[in-house]
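Below: the structure, in structure tokens.
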Protein chains: 2
Amino acid sequence: MPSPALALGIDIGGTKMAVAVVDVPGAIRVRETLATEAEQGFPRAVERLTAAAERLLQSCGCRPDQLSGIGIGCAGPVDPRRGLINNPYTLTGWNACDIVSPLHARFGRPVYLENDADAAALGECFAGAGSGFSPVVMLTFGTGIGGSVIVDGQIYRGANGEHPELGHIPISRDGPLCYCGIRGCLESLASGAAIGNAGHNGGFQDARHVFAAARQQQAAAQAIVARAVDAAATAAWTICHTFLPQRLILGGGMMDDQFDLFAQAMKERLSTATQFSRDGVSITRAALGNDAGVIGAASIPLRHASLDQSTRPDQTAGQPT
Amino acid sequence: MPSPALALGIDIGGTKMAVAVVDVPGAIRVRETLATEAEQGFPRAVERLTAAAERLLQSCGCRPDQLSGIGIGCAGPVDPRRGLINNPYTLTGWNACDIVSPLHARFGRPVYLENDADAAALGECFAGAGSGFSPVVMLTFGTGIGGSVIVDGQIYRGANGEHPELGHIPISRDGPLCYCGIRGCLESLASGAAIGNAGHNGGFQDARHVFAAARQQQAAAQAIVARAVDAAATAAWTICHTFLPQRLILGGGMMDDQFDLFAQAMKERLSTATQFSRDGVSITRAALGNDAGVIGAASIPLRHASLDQSTRPDQTAGQPT
């Protein structure tokens, strides 16, 4: 009998992969971290993930048929409906790679694929900063800016099942040109890459150096940081007048040190808003760090199992929410 | 036995009220239009609405217990969860007015209250330009700019059950100050009032005169119209990177004459977008005109009845979706 209380979570990034056995309510029982080594080929990565999963299941005395299922969060683009990874950009050579079928064939349980931003947001909603809130919007500030919207525990999907691209909200028409197609989107102004690029002109090595120089009152660095923070505040206004989340979660490496700065600017901007109940919206830091991805990936089968355990027949693989 | 195939729709605006018997798939069987006369008091308006509803039911040979229910769309603010109209702004004296209880007491059927923008969008999704699409975003260009988001036939709701305020998406920081709390939101640049206000400085009477002068190549009017159209194009970019609707519907009086101008600018702006599948999104004019409100209001009980006819016990009044 499958248990609704355990699932396998897999998080695939450009450099590292994590595999974990996750329970309800969202604790990691055991885990392994592997180098991705995408250039060794997709089949090799699947072999290594499968072997790691088998070791983990053995170490915690769990048979595959006791799993509620397997969830995968992967650096996108991915196609959740067909279970395909289409990301030759950061996973060299991985185009149209079906990760669902081999894992389903090996473990015999339902397998779900989502992109990593959605998986991280699901993790925060399952066991972190978004738990008990809906809707939840999570913005992840790293090299780029990712976003995800979770409504009643489910990923918000638009046309073609695609998810929102909150990094590309327009902010200021005189900003840098972005690969998204316009000038001055959020990512072009407030991402780690944007801050780093703006800093290069002033002789700063990267975003971290820009933030450090701004703290030391260097005017050029302060101007770059002010532009980024202002862009994030405008994005918060947009998010509150569109998705109107009960909770806005800020995550990603940049928020380790800069959360207070960004959150404060967002709160100040929203303090003048009259068209929604501001006390219904809170802004908070992500709680799960790098674990959000595996926990969120595992939460997909865990949630399916707990919702539907008694009413749904055993599923075929690869059919996500 | 209640029929799932007929419902009463009520649309309450600042000057007019409409009452109609609506069927599946969304045709108006009979209707009456009344002056609102809000200043005569809320109880008097309820009496007149009730009398009109009784006349309509009699004229089409429908007993109250044959209705699937009653839906009301009302100029907001309204509180759908408690069935209250809180709009002393355009309905003089109507604050905390419970419209659900008296109609439920009189007709014995479920009664639902929504704001008029949401009701109109539900109408377009039930029997108009949004039928068969999801998600659907509807923007209504009138004196102000209203917005509504419908996902799988249901109104998207954020924190506190409140709905998106798409008229107040930030566009340009150097725009006019809006009552929403910032400068340069969509409504402050592209609404009928905004275009009219900008036109006053150039000696134009109202938005209609500005559009007419722009067609005659008058530079001042052209600049005002260009600013409005550009703002709408930016808003379309925001909407496609947040809600990513399968269909974006443009409605409201301004779109009777200006749809092509605005839709073309939106499509041009979106033509450079790389982060979603553009062929999955279409932009279209609202199809139901002023009937969208009553049809959409009636669609709420019609949809409940058709979804739940056999599984749900008779409902208490005033519990919306």
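A note on labels: chains of the structure tokens are A, B, ... as shown, every chain counts residues from 1, and ligands are counted from 1 in their shown order.
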
With only C-alpha atoms as the counted atoms, please give the residues lying no more than 12 Å from Leu91 (chain A), apart from itself and same-chain residues fewer than 6 positions off, as a PDB file with N, CA and C atoms, in the first residue's frame.
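Saved file out.pdb follows:
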```pdb
ATOM      1  N   ILE A  12      16.638  19.796  -9.758  1.00  0.00           N
ATOM      2  CA  ILE A  12      17.713  19.779 -10.752  1.00  0.00           C
ATOM      3  C   ILE A  12      18.086  21.204 -11.135  1.00  0.00           C
ATOM      4  N   GLY A  13      19.298  21.596 -10.818  1.00  0.00           N
ATOM      5  CA  GLY A  13      19.798  22.912 -11.198  1.00  0.00           C
ATOM      6  C   GLY A  13      20.959  22.773 -12.171  1.00  0.00           C
ATOM      7  N   GLY A  14      21.475  23.892 -12.612  1.00  0.00           N
ATOM      8  CA  GLY A  14      22.540  23.875 -13.608  1.00  0.00           C
ATOM      9  C   GLY A  14      23.821  23.230 -13.110  1.00  0.00           C
ATOM     10  N   THR A  15      24.086  23.339 -11.802  1.00  0.00           N
ATOM     11  CA  THR A  15      25.328  22.765 -11.285  1.00  0.00           C
ATOM     12  C   THR A  15      25.104  21.612 -10.313  1.00  0.00           C
ATOM     13  N   LYS A  16      23.978  21.650  -9.567  1.00  0.00           N
ATOM     14  CA  LYS A  16      23.739  20.609  -8.564  1.00  0.00           C
ATOM     15  C   LYS A  16      22.354  20.008  -8.703  1.00  0.00           C
ATOM     16  N   MET A  17      22.240  18.758  -8.264  1.00  0.00           N
ATOM     17  CA  MET A  17      20.945  18.104  -8.156  1.00  0.00           C
ATOM     18  C   MET A  17      20.799  17.622  -6.718  1.00  0.00           C
ATOM     19  N   ALA A  35      26.541  16.450  -8.240  1.00  0.00           N
ATOM     20  CA  ALA A  35      26.836  17.397  -9.323  1.00  0.00           C
ATOM     21  C   ALA A  35      25.932  17.058 -10.504  1.00  0.00           C
ATOM     22  N   THR A  36      25.422  18.082 -11.206  1.00  0.00           N
ATOM     23  CA  THR A  36      24.508  17.809 -12.317  1.00  0.00           C
ATOM     24  C   THR A  36      25.247  17.182 -13.495  1.00  0.00           C
ATOM     25  N   GLU A  37      26.372  17.751 -13.840  1.00  0.00           N
ATOM     26  CA  GLU A  37      27.158  17.247 -14.981  1.00  0.00           C
ATOM     27  C   GLU A  37      26.284  17.012 -16.203  1.00  0.00           C
ATOM     28  N   ALA A  38      25.534  18.065 -16.555  1.00  0.00           N
ATOM     29  CA  ALA A  38      24.581  17.956 -17.667  1.00  0.00           C
ATOM     30  C   ALA A  38      25.270  17.514 -18.944  1.00  0.00           C
ATOM     31  N   GLU A  39      26.501  17.956 -19.117  1.00  0.00           N
ATOM     32  CA  GLU A  39      27.215  17.680 -20.370  1.00  0.00           C
ATOM     33  C   GLU A  39      27.551  16.193 -20.519  1.00  0.00           C
ATOM     34  N   GLN A  40      27.444  15.420 -19.438  1.00  0.00           N
ATOM     35  CA  GLN A  40      27.623  13.964 -19.542  1.00  0.00           C
ATOM     36  C   GLN A  40      26.413  13.296 -20.197  1.00  0.00           C
ATOM     37  N   GLY A  41      25.383  14.075 -20.438  1.00  0.00           N
ATOM     38  CA  GLY A  41      24.206  13.533 -21.105  1.00  0.00           C
ATOM     39  C   GLY A  41      23.059  13.282 -20.137  1.00  0.00           C
ATOM     40  N   PHE A  42      21.856  13.414 -20.666  1.00  0.00           N
ATOM     41  CA  PHE A  42      20.661  13.247 -19.845  1.00  0.00           C
ATOM     42  C   PHE A  42      20.513  11.825 -19.306  1.00  0.00           C
ATOM     43  N   ALA A  45      22.533  11.274 -16.223  1.00  0.00           N
ATOM     44  CA  ALA A  45      21.991  11.974 -15.056  1.00  0.00           C
ATOM     45  C   ALA A  45      20.813  11.205 -14.467  1.00  0.00           C
ATOM     46  N   CYS A  74      12.785  21.445 -11.840  1.00  0.00           N
ATOM     47  CA  CYS A  74      13.954  21.540 -12.715  1.00  0.00           C
ATOM     48  C   CYS A  74      14.080  22.943 -13.286  1.00  0.00           C
ATOM     49  N   ALA A  75      15.312  23.421 -13.392  1.00  0.00           N
ATOM     50  CA  ALA A  75      15.560  24.705 -14.038  1.00  0.00           C
ATOM     51  C   ALA A  75      14.898  24.704 -15.411  1.00  0.00           C
ATOM     52  N   GLY A  76      14.039  25.698 -15.670  1.00  0.00           N
ATOM     53  CA  GLY A  76      13.227  25.725 -16.876  1.00  0.00           C
ATOM     54  C   GLY A  76      13.956  26.341 -18.047  1.00  0.00           C
ATOM     55  N   PRO A  77      13.333  26.283 -19.223  1.00  0.00           N
ATOM     56  CA  PRO A  77      11.971  25.821 -19.525  1.00  0.00           C
ATOM     57  C   PRO A  77      11.777  24.306 -19.387  1.00  0.00           C
ATOM     58  N   VAL A  78      10.594  23.976 -18.816  1.00  0.00           N
ATOM     59  CA  VAL A  78      10.152  22.583 -18.792  1.00  0.00           C
ATOM     60  C   VAL A  78       8.708  22.556 -19.290  1.00  0.00           C
ATOM     61  N   ILE A  85      11.927  18.131 -20.129  1.00  0.00           N
ATOM     62  CA  ILE A  85      12.877  19.198 -19.838  1.00  0.00           C
ATOM     63  C   ILE A  85      13.377  19.744 -21.175  1.00  0.00           C
ATOM     64  N   CYS A  97      13.813  16.274 -23.179  1.00  0.00           N
ATOM     65  CA  CYS A  97      14.223  15.110 -22.385  1.00  0.00           C
ATOM     66  C   CYS A  97      13.094  14.671 -21.466  1.00  0.00           C
TER      67      CYS A  97
END
```

task = Write out as a PyMOL selection string the residues lying within 10 Å of Thr274 (chain A), counting only C-alpha atoms and excluding same-chain residues fewer than 6 positions away.
result = chain B and resi 178-182

query = Within 7 Å of chain B, which residues of chain A show up when using only C-alpha atoms, listed as a ChimeraX atom specification?
reply = /A:135,158-160,164-166,168-170,180-181,238,241-246,272-275,280-281

Take the residues from that selection and put them in a file with N, CA and C atoms, as a PDB file, in the first residue's frame.
```pdb
ATOM      1  N   PRO A 135      -3.898  33.813  -1.809  1.00  0.00           N
ATOM      2  CA  PRO A 135      -2.835  33.414  -2.718  1.00  0.00           C
ATOM      3  C   PRO A 135      -1.456  33.790  -2.159  1.00  0.00           C
ATOM      4  N   GLY A 158      -1.481  30.193 -16.743  1.00  0.00           N
ATOM      5  CA  GLY A 158      -2.193  30.989 -17.730  1.00  0.00           C
ATOM      6  C   GLY A 158      -2.396  30.207 -19.019  1.00  0.00           C
ATOM      7  N   ALA A 159      -2.491  30.942 -20.118  1.00  0.00           N
ATOM      8  CA  ALA A 159      -2.684  30.335 -21.438  1.00  0.00           C
ATOM      9  C   ALA A 159      -1.629  29.257 -21.681  1.00  0.00           C
ATOM     10  N   ASN A 160      -2.037  28.170 -22.323  1.00  0.00           N
ATOM     11  CA  ASN A 160      -1.146  27.043 -22.625  1.00  0.00           C
ATOM     12  C   ASN A 160      -0.555  26.407 -21.377  1.00  0.00           C
ATOM     13  N   PRO A 164       3.136  32.586 -14.800  1.00  0.00           N
ATOM     14  CA  PRO A 164       3.466  34.012 -14.878  1.00  0.00           C
ATOM     15  C   PRO A 164       4.979  34.231 -14.968  1.00  0.00           C
ATOM     16  N   GLU A 165       5.365  35.295 -15.627  1.00  0.00           N
ATOM     17  CA  GLU A 165       6.779  35.665 -15.731  1.00  0.00           C
ATOM     18  C   GLU A 165       6.961  37.010 -15.025  1.00  0.00           C
ATOM     19  N   LEU A 166       6.948  36.946 -13.695  1.00  0.00           N
ATOM     20  CA  LEU A 166       6.911  38.187 -12.909  1.00  0.00           C
ATOM     21  C   LEU A 166       8.212  38.975 -12.994  1.00  0.00           C
ATOM     22  N   HIS A 168       9.439  39.925 -15.564  1.00  0.00           N
ATOM     23  CA  HIS A 168       9.387  40.777 -16.752  1.00  0.00           C
ATOM     24  C   HIS A 168       8.215  41.746 -16.741  1.00  0.00           C
ATOM     25  N   ILE A 169       7.722  42.047 -15.531  1.00  0.00           N
ATOM     26  CA  ILE A 169       6.794  43.161 -15.337  1.00  0.00           C
ATOM     27  C   ILE A 169       7.482  44.455 -15.775  1.00  0.00           C
ATOM     28  N   PRO A 170       6.810  45.283 -16.573  1.00  0.00           N
ATOM     29  CA  PRO A 170       7.442  46.549 -16.981  1.00  0.00           C
ATOM     30  C   PRO A 170       7.490  47.536 -15.810  1.00  0.00           C
ATOM     31  N   CYS A 180      13.557  39.709 -22.700  1.00  0.00           N
ATOM     32  CA  CYS A 180      12.108  39.467 -22.716  1.00  0.00           C
ATOM     33  C   CYS A 180      11.423  40.256 -23.817  1.00  0.00           C
ATOM     34  N   GLY A 181      12.073  41.311 -24.302  1.00  0.00           N
ATOM     35  CA  GLY A 181      11.497  42.057 -25.415  1.00  0.00           C
ATOM     36  C   GLY A 181      11.216  43.528 -25.151  1.00  0.00           C
ATOM     37  N   THR A 238       2.449  46.445  -8.523  1.00  0.00           N
ATOM     38  CA  THR A 238       1.794  45.700  -9.601  1.00  0.00           C
ATOM     39  C   THR A 238       1.232  44.380  -9.084  1.00  0.00           C
ATOM     40  N   HIS A 241      -1.908  44.761  -7.136  1.00  0.00           N
ATOM     41  CA  HIS A 241      -3.085  45.175  -7.903  1.00  0.00           C
ATOM     42  C   HIS A 241      -3.455  44.149  -8.974  1.00  0.00           C
ATOM     43  N   THR A 242      -2.686  43.064  -9.050  1.00  0.00           N
ATOM     44  CA  THR A 242      -3.046  41.965  -9.955  1.00  0.00           C
ATOM     45  C   THR A 242      -3.380  40.735  -9.099  1.00  0.00           C
ATOM     46  N   PHE A 243      -2.383  39.995  -8.669  1.00  0.00           N
ATOM     47  CA  PHE A 243      -2.665  38.767  -7.916  1.00  0.00           C
ATOM     48  C   PHE A 243      -3.112  39.029  -6.481  1.00  0.00           C
ATOM     49  N   LEU A 244      -2.839  40.206  -5.950  1.00  0.00           N
ATOM     50  CA  LEU A 244      -3.233  40.581  -4.587  1.00  0.00           C
ATOM     51  C   LEU A 244      -2.989  39.442  -3.594  1.00  0.00           C
ATOM     52  N   PRO A 245      -1.714  39.049  -3.415  1.00  0.00           N
ATOM     53  CA  PRO A 245      -1.431  37.900  -2.555  1.00  0.00           C
ATOM     54  C   PRO A 245      -1.667  38.226  -1.076  1.00  0.00           C
ATOM     55  N   GLN A 246      -2.094  37.215  -0.355  1.00  0.00           N
ATOM     56  CA  GLN A 246      -2.158  37.365   1.101  1.00  0.00           C
ATOM     57  C   GLN A 246      -0.747  37.449   1.654  1.00  0.00           C
ATOM     58  N   THR A 272       0.648  53.896   0.620  1.00  0.00           N
ATOM     59  CA  THR A 272      -0.292  54.889   0.096  1.00  0.00           C
ATOM     60  C   THR A 272      -1.449  54.258  -0.681  1.00  0.00           C
ATOM     61  N   ALA A 273      -1.436  52.937  -0.824  1.00  0.00           N
ATOM     62  CA  ALA A 273      -2.444  52.283  -1.674  1.00  0.00           C
ATOM     63  C   ALA A 273      -3.821  52.332  -1.025  1.00  0.00           C
ATOM     64  N   THR A 274      -4.822  52.673  -1.819  1.00  0.00           N
ATOM     65  CA  THR A 274      -6.190  52.821  -1.296  1.00  0.00           C
ATOM     66  C   THR A 274      -7.163  51.773  -1.837  1.00  0.00           C
ATOM     67  N   GLN A 275      -6.758  50.991  -2.848  1.00  0.00           N
ATOM     68  CA  GLN A 275      -7.749  50.177  -3.551  1.00  0.00           C
ATOM     69  C   GLN A 275      -7.798  48.721  -3.100  1.00  0.00           C
ATOM     70  N   GLY A 280      -4.332  43.043   4.735  1.00  0.00           N
ATOM     71  CA  GLY A 280      -4.515  41.659   4.304  1.00  0.00           C
ATOM     72  C   GLY A 280      -3.291  41.074   3.599  1.00  0.00           C
ATOM     73  N   VAL A 281      -2.278  41.920   3.357  1.00  0.00           N
ATOM     74  CA  VAL A 281      -1.084  41.512   2.594  1.00  0.00           C
ATOM     75  C   VAL A 281       0.144  41.599   3.488  1.00  0.00           C
TER      76      VAL A 281
END
```

key: All strand (DSSP E or B) residues (DSSP, backbone) inside region 101-177 of chain B, as an MDAnalysis selection string   = chainID B and resid 111:115 136:141 145:151 154:155 170 177

Shell around Gly203 (chain A) at 10 Å using only C-alpha atoms, local window under 6 positions removed, as JSON, numbers by chain = {"A": [196, 209, 210, 220, 221]}

message = I need the helix (DSSP H, G or I) residues of region 11-77 of chain B per DSSP on the backbone, written as a list in words.
response = Ala38, Glu39, Gln40, Phe42, Pro43, Arg44, Ala45, Val46, Glu47, Arg48, Leu49, Thr50, Ala51, Ala52, Ala53, Glu54, Arg55, Leu56, Leu57, Gln58, Ser59, Pro64, Asp65 and Gln66 of chain B

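With CA of Ile295 (chain A) on one side and CA of Ala20 (chain A) on the other, the separation reads 8.0 Å.
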
query = Quick one: of A:Gly199, A:Gly144, A:Gly184, A:Gly296, who's nearest to Gly253 (chain A), counting only C-alpha atoms?
reply =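 Nearest to Gly253 (chain A): A:Gly144.
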